[in-house]
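Undergrad: If it helps, the file is called entry39.cif and holds mmCIF, C-alpha atoms:
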data_model
loop_
_atom_site.label_atom_id
_atom_site.label_comp_id
_atom_site.auth_asym_id
_atom_site.auth_seq_id
_atom_site.Cartn_x
_atom_site.Cartn_y
_atom_site.Cartn_z
CA MET N 1 0.00 0.00 0.00
CA VAL N 2 1.26 3.46 -0.96
CA ASN N 3 1.11 5.13 2.44
CA SER N 4 2.84 8.52 2.20
CA LEU N 5 3.44 11.49 -0.09
CA GLN N 6 7.10 10.48 -0.23
CA ALA N 7 6.44 6.85 -1.25
CA THR N 8 8.17 5.86 -4.50
CA THR N 9 8.01 3.34 -7.30
CA THR N 10 11.29 2.02 -8.70
CA LEU N 11 11.71 2.52 -12.45
CA HIS N 12 13.39 -0.19 -14.52
CA ASN N 13 16.78 1.57 -14.26
CA GLY N 14 16.62 1.69 -10.46
CA VAL N 15 15.60 5.37 -10.15
CA LYS N 16 12.96 5.99 -7.50
CA MET N 17 9.99 8.11 -8.64
CA PRO N 18 7.31 9.45 -6.26
CA TRP N 19 3.87 7.92 -6.75
CA PHE N 20 2.28 11.32 -6.25
CA GLY N 21 3.16 14.78 -7.52
CA LEU N 22 1.94 18.18 -8.67
CA GLY N 23 1.14 18.88 -12.31
CA VAL N 24 1.24 22.47 -13.60
CA PHE N 25 -0.57 22.24 -16.96
CA LEU N 26 -2.46 25.50 -17.65
CA VAL N 27 -0.95 27.14 -14.57
CA GLU N 28 0.15 30.67 -15.48
CA GLU N 29 3.80 31.65 -15.45
CA GLY N 30 4.68 34.04 -12.62
CA GLU N 31 2.94 34.24 -9.27
CA GLU N 32 0.35 31.54 -9.97
CA VAL N 33 2.79 28.74 -10.80
CA TYR N 34 5.31 29.97 -8.23
CA ASN N 35 2.72 29.74 -5.45
CA SER N 36 1.38 26.36 -6.58
CA VAL N 37 4.84 24.79 -6.51
CA LYS N 38 5.79 26.60 -3.29
CA TRP N 39 2.67 25.35 -1.47
CA ALA N 40 3.15 21.81 -2.77
CA LEU N 41 6.78 21.67 -1.64
CA GLU N 42 5.88 23.14 1.76
CA HIS N 43 3.24 20.43 2.15
CA GLY N 44 5.75 17.64 1.45
CA TYR N 45 5.37 17.03 -2.27
CA LYS N 46 8.64 15.90 -3.86
CA SER N 47 7.57 15.56 -7.52
CA ILE N 48 6.76 18.47 -9.86
CA ASP N 49 5.70 17.91 -13.49
CA THR N 50 6.00 20.69 -16.09
CA ALA N 51 6.63 20.94 -19.84
CA ALA N 52 8.18 23.34 -22.34
CA VAL N 53 4.79 24.09 -23.90
CA TYR N 54 3.28 25.04 -20.52
CA GLY N 55 5.42 28.19 -20.61
CA ASN N 56 5.99 28.13 -16.84
CA GLU N 57 9.36 26.40 -16.37
CA GLU N 58 10.99 29.59 -15.04
CA GLY N 59 8.37 30.00 -12.30
CA VAL N 60 8.68 26.33 -11.37
CA GLY N 61 12.46 26.69 -11.17
CA LYS N 62 12.26 29.81 -9.01
CA ALA N 63 9.94 28.11 -6.52
CA ILE N 64 12.26 25.09 -6.38
CA LYS N 65 15.27 27.32 -5.75
CA ASP N 66 13.52 29.42 -3.11
CA SER N 67 12.24 26.31 -1.28
CA GLY N 68 15.74 25.54 0.01
CA ILE N 69 15.02 21.82 -0.36
CA PRO N 70 18.14 19.88 -1.42
CA ARG N 71 17.93 19.16 -5.15
CA GLU N 72 18.50 15.43 -4.68
CA GLU N 73 15.32 15.18 -2.59
CA LEU N 74 13.14 16.37 -5.49
CA PHE N 75 11.90 14.72 -8.68
CA ILE N 76 11.48 17.21 -11.53
CA THR N 77 9.92 16.32 -14.89
CA SER N 78 9.70 18.31 -18.11
CA LYS N 79 8.71 17.44 -21.67
CA LEU N 80 9.92 17.93 -25.22
CA TRP N 81 7.37 19.86 -27.31
CA ASN N 82 6.21 18.58 -30.70
CA GLY N 83 7.81 21.34 -32.79
CA ASP N 84 11.19 20.62 -31.17
CA GLN N 85 11.38 16.97 -32.23
CA GLY N 86 14.42 15.72 -34.14
CA TYR N 87 17.92 14.84 -32.91
CA GLU N 88 19.67 18.22 -32.73
CA GLU N 89 16.41 20.02 -31.94
CA THR N 90 15.85 17.78 -28.93
CA LEU N 91 19.32 18.45 -27.55
CA GLN N 92 18.71 22.19 -27.89
CA ALA N 93 15.19 22.08 -26.44
CA PHE N 94 16.44 20.15 -23.42
CA GLU N 95 19.12 22.76 -22.70
CA THR N 96 16.51 25.52 -23.01
CA SER N 97 14.24 23.79 -20.50
CA LEU N 98 17.12 23.11 -18.13
CA ASN N 99 18.20 26.78 -18.27
CA LYS N 100 14.67 28.04 -17.67
CA LEU N 101 14.31 25.71 -14.69
CA GLY N 102 17.74 26.74 -13.40
CA LEU N 103 18.72 23.12 -12.83
CA GLU N 104 21.81 21.05 -13.62
CA TYR N 105 19.85 17.91 -14.50
CA LEU N 106 16.29 16.59 -14.84
CA ASP N 107 14.92 13.54 -13.07
CA LEU N 108 12.61 12.70 -15.97
CA TYR N 109 12.30 14.01 -19.53
CA LEU N 110 9.44 12.91 -21.76
CA ILE N 111 8.58 13.14 -25.46
CA HIS N 112 5.26 14.99 -25.11
CA TRP N 113 3.36 13.44 -28.08
CA PRO N 114 4.19 10.96 -30.86
CA VAL N 115 3.06 13.47 -33.59
CA PRO N 116 2.40 11.00 -36.45
CA GLU N 117 2.69 13.61 -39.23
CA LEU N 118 6.26 14.42 -38.16
CA ASN N 119 7.33 10.84 -37.42
CA LYS N 120 10.44 12.11 -35.63
CA TYR N 121 10.05 10.53 -32.22
CA LYS N 122 12.74 7.91 -32.89
CA GLU N 123 15.24 10.66 -33.78
CA SER N 124 14.21 12.53 -30.64
CA TRP N 125 14.62 9.35 -28.60
CA LYS N 126 18.22 8.90 -29.80
CA ALA N 127 18.97 12.40 -28.48
CA MET N 128 17.29 11.58 -25.19
CA GLU N 129 19.36 8.40 -24.90
CA LYS N 130 22.48 10.54 -25.35
CA LEU N 131 21.34 12.98 -22.65
CA TYR N 132 20.57 10.02 -20.38
CA ASN N 133 23.94 8.38 -21.02
CA ASP N 134 25.65 11.74 -20.41
CA GLY N 135 24.00 11.91 -16.96
CA LYS N 136 21.87 14.97 -17.70
CA ILE N 137 18.59 13.08 -17.19
CA ARG N 138 18.10 10.37 -14.57
CA ALA N 139 15.20 8.73 -16.45
CA ILE N 140 13.66 9.11 -19.90
CA GLY N 141 10.19 8.34 -21.13
CA VAL N 142 7.27 9.29 -23.32
CA SER N 143 3.82 10.81 -22.99
CA ASN N 144 0.62 9.96 -24.88
CA PHE N 145 2.15 6.93 -26.60
CA LYS N 146 -0.15 4.03 -27.53
CA GLU N 147 1.01 0.43 -27.77
CA HIS N 148 1.97 0.66 -31.46
CA HIS N 149 4.05 3.81 -30.83
CA LEU N 150 5.84 2.06 -27.97
CA GLU N 151 6.47 -1.09 -30.01
CA ASP N 152 7.93 1.02 -32.83
CA LEU N 153 10.14 2.99 -30.45
CA ILE N 154 11.35 -0.03 -28.47
CA SER N 155 12.23 -1.92 -31.68
CA GLU N 156 15.18 0.44 -32.30
CA ALA N 157 15.86 1.86 -28.84
CA GLN N 158 19.04 1.16 -26.88
CA VAL N 159 17.29 2.30 -23.68
CA ALA N 160 13.63 1.37 -23.21
CA PRO N 161 11.27 4.10 -21.94
CA MET N 162 10.91 4.14 -18.16
CA VAL N 163 7.60 6.05 -18.03
CA ASN N 164 4.54 6.60 -20.23
CA GLN N 165 2.39 9.52 -19.08
CA VAL N 166 -1.13 9.38 -20.56
CA GLU N 167 -4.64 10.64 -20.01
CA TYR N 168 -6.02 8.27 -17.38
CA HIS N 169 -9.13 8.46 -15.23
CA PRO N 170 -12.16 6.27 -14.42
CA HIS N 171 -13.73 7.05 -17.82
CA LEU N 172 -10.48 6.29 -19.73
CA GLN N 173 -8.68 3.33 -18.17
CA GLN N 174 -6.63 2.19 -21.21
CA ARG N 175 -6.35 -1.33 -19.81
CA SER N 176 -4.53 -2.93 -22.75
CA LEU N 177 -1.98 -0.09 -22.73
CA HIS N 178 -1.55 -0.43 -18.97
CA GLU N 179 -0.96 -4.17 -19.36
CA PHE N 180 1.52 -3.58 -22.20
CA CYS N 181 3.44 -1.12 -20.04
CA LYS N 182 3.55 -3.58 -17.13
CA GLN N 183 4.90 -6.30 -19.42
CA HIS N 184 7.68 -3.97 -20.62
CA ASN N 185 8.49 -2.50 -17.19
CA ILE N 186 7.23 0.95 -18.21
CA GLN N 187 5.62 2.90 -15.37
CA LEU N 188 2.22 4.32 -16.33
CA GLU N 189 1.54 7.87 -15.13
CA ALA N 190 -1.82 9.68 -15.21
CA TRP N 191 -2.42 13.16 -16.51
CA SER N 192 -5.88 14.68 -16.04
CA PRO N 193 -6.65 12.04 -13.35
CA LEU N 194 -9.82 13.96 -12.36
CA LYS N 195 -10.99 14.34 -15.99
CA GLN N 196 -10.66 18.12 -15.60
CA GLY N 197 -13.34 18.00 -12.89
CA LYS N 198 -15.94 16.53 -15.23
CA ILE N 199 -16.28 13.35 -13.17
CA LEU N 200 -16.43 14.69 -9.62
CA ASP N 201 -20.23 14.52 -9.24
CA ASP N 202 -20.52 10.92 -10.45
CA PRO N 203 -22.89 9.07 -8.08
CA THR N 204 -20.71 5.94 -7.87
CA LEU N 205 -17.77 8.06 -6.73
CA THR N 206 -19.78 10.26 -4.37
CA ASP N 207 -21.20 7.14 -2.69
CA ILE N 208 -17.73 5.63 -2.18
CA ALA N 209 -16.45 9.00 -0.93
CA LYS N 210 -19.20 9.19 1.71
CA ARG N 211 -18.26 5.74 3.02
CA HIS N 212 -14.69 6.88 3.64
CA GLY N 213 -15.37 10.48 4.69
CA LYS N 214 -13.37 11.64 1.66
CA SER N 215 -13.99 13.75 -1.44
CA THR N 216 -14.60 12.21 -4.86
CA ALA N 217 -11.26 13.63 -6.00
CA GLN N 218 -9.50 11.83 -3.14
CA VAL N 219 -11.25 8.57 -4.06
CA ILE N 220 -10.09 8.84 -7.70
CA LEU N 221 -6.51 9.64 -6.70
CA ARG N 222 -6.49 6.71 -4.25
CA TRP N 223 -7.81 4.48 -7.03
CA ASP N 224 -4.90 5.57 -9.26
CA LEU N 225 -2.40 4.58 -6.59
CA GLN N 226 -4.06 1.20 -5.99
CA GLN N 227 -3.95 0.64 -9.75
CA GLU N 228 -0.17 1.22 -9.53
CA VAL N 229 -0.42 4.38 -11.63
CA VAL N 230 1.65 7.46 -10.74
CA THR N 231 -0.62 10.50 -10.48
CA ILE N 232 0.00 14.26 -10.73
CA PRO N 233 -3.19 16.28 -10.03
CA LYS N 234 -3.01 19.99 -10.79
CA SER N 235 -4.35 22.78 -8.60
CA VAL N 236 -3.64 26.46 -8.00
CA LYS N 237 -5.42 26.56 -4.62
CA GLN N 238 -3.42 25.87 -1.48
CA HIS N 239 -6.19 23.97 0.33
CA ARG N 240 -6.81 21.74 -2.70
CA ILE N 241 -3.10 20.98 -3.13
CA GLN N 242 -3.17 19.79 0.48
CA ASP N 243 -6.51 17.95 0.12
CA ASN N 244 -5.38 16.13 -3.03
CA ALA N 245 -2.48 14.65 -1.08
CA ASP N 246 -4.70 13.50 1.80
CA VAL N 247 -5.13 10.03 0.29
CA PHE N 248 -2.76 7.93 2.36
CA ASP N 249 -4.94 7.13 5.39
CA PHE N 250 -7.57 4.96 3.69
CA GLU N 251 -7.79 2.12 1.20
CA LEU N 252 -10.50 1.22 -1.31
CA THR N 253 -11.95 -2.27 -1.02
CA GLU N 254 -11.88 -4.77 -3.88
CA GLU N 255 -15.60 -4.15 -4.38
CA GLU N 256 -15.06 -0.37 -4.58
CA MET N 257 -12.17 -0.82 -7.02
CA LYS N 258 -14.45 -2.96 -9.20
CA LEU N 259 -17.23 -0.34 -9.11
CA ILE N 260 -14.78 2.28 -10.39
CA GLN N 261 -13.37 -0.09 -13.02
CA ASP N 262 -16.92 -0.59 -14.29
CA MET N 263 -17.12 3.16 -15.03
CA ASN N 264 -14.73 2.84 -17.98
CA LYS N 265 -16.03 4.31 -21.27
CA GLU N 266 -12.70 4.84 -23.07
CA GLU N 267 -13.76 8.49 -23.26
CA ARG N 268 -11.11 11.20 -23.67
CA VAL N 269 -11.10 14.88 -22.72
CA GLY N 270 -7.80 15.42 -24.53
CA PRO N 271 -6.84 14.63 -28.13
CA ASP N 272 -6.26 11.18 -29.59
CA PRO N 273 -2.48 10.65 -29.92
CA ASP N 274 -2.99 9.15 -33.39
CA GLU N 275 -4.54 12.41 -34.58
CA PHE N 276 -2.72 15.15 -32.63
CA ASN N 277 -0.15 16.95 -34.78
CA LYS N 278 -0.04 20.45 -33.26
CA ARG N 279 3.41 22.01 -33.18
#
How does this structure look as structure tokens?
TA:
Amino acid sequence: MVNSLQATTTLHNGVKMPWFGLGVFLVEEGEEVYNSVKWALEHGYKSIDTAAVYGNEEGVGKAIKDSGIPREELFITSKLWNGDQGYEETLQAFETSLNKLGLEYLDLYLIHWPVPELNKYKESWKAMEKLYNDGKIRAIGVSNFKEHHLEDLISEAQVAPMVNQVEYHPHLQQRSLHEFCKQHNIQLEAWSPLKQGKILDDPTLTDIAKRHGKSTAQVILRWDLQQEVVTIPKSVKQHRIQDNADVFDFELTEEEMKLIQDMNKEERVGPDPDEFNKR
């Protein structure tokens, strides 16, 4: 049982990654992102997830620096944007992100989307392998990759991806992808675990929440952890950042897990990775 905000899963290269973290998608650069990260770190979060396209890496970096927490105690993730794919472009984009964050290395760097029209993710991966082998990134992975993208990437990779971060919530459980990732020792990570709030009034979830004296959001996040999925809920409110992390003092029963599993519709709020080519 995952029983604390500092609990970790061990990636296939031995790096320990927190099960729970703060995501900062759509959090504005400046005071908003600075405060979100500051409050999370003060509350005991160790993992912060950003991306080049979020446009807030500088604010994240400033909050990390001002926290005074030793760098080695934190787990910082960023992502390569679609328009920066390609070998040399990836090397440059990584340095830009690192400089904006004010860090000497990243704990995890992800290819943000497969971008089928570009078909450059294998070139990008070779650059990420170099950065990994050079010690600039402790772990490398992908985001929004389906099974066929992963199979294609792994077929030529020297280093297999350690993480796949995808849209994942009770209405989009991606079970075959989850099973594929388990078989290949790739840690699944959830973005939009609360379906952007669109699932919080679901009667199945509200009933389970009442039984435990918890919120529906807390029930979903606990479900993620019991499914062995890393989760990174986003919030810009201090009390919600704290509440989201209050999921380590209860456990869902097998029956409750089954009720949530039965909610699956394979319904996305984000784009389909086979069709998303924005850059």
Undergrad: Could you list the residues chosen by the PyMOL selection byres ((chain N and resi 11-13) around 9) in this structure as number ranges by chain?
TA: N: 9-10, 14-17, 138-139, 160-163, 185-187
Undergrad: Just say which residues the PyMOL selection byres ((chain N and resi 37-45) around 7) picks in this file, as a PyMOL selection string.
TA: chain N and resi 5+21+33-36+46-47+60+63+67+238+241-242
Undergrad: Near stretch 246-254 of chain N, counting only C-alpha atoms, which residues have an atom at most 10 Å away, once you skip same-chain residues fewer than 3 positions from it, shown as a PyMOL selection string?
TA: chain N and resi 1-5+7+20+208-209+211-215+217-223+225-226+240-243+257-259
Undergrad: Can you measure atom CA of N:Glu73 to atom CA of N:Gln158 for me? One decimal in Å is fine.
TA: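 So the answer is 28.3 Å.
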Undergrad: Convert the output of the PyMOL selection byres ((chain N and resi 119) around 12) on the shown file into explicit residues, formatted as a PyMOL selection string.
TA: chain N and resi 82-83+85-86+113-118+120-125+149+152-153+274+276-277
Undergrad: Report the distance between atom CA of N:His184 and atom CA of N:Ile154 in Å, rounded to one decimal place.
TA: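 So the two atoms, atom CA of N:His184 and atom CA of N:Ile154, lie 9.5 Å apart.
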Undergrad: How many Å lie between atom CA of N:Pro203 and atom CA of N:Glu179, rounded to one decimal?
TA: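 For atom CA of N:Pro203 relative to atom CA of N:Glu179, the distance reads 28.0 Å.
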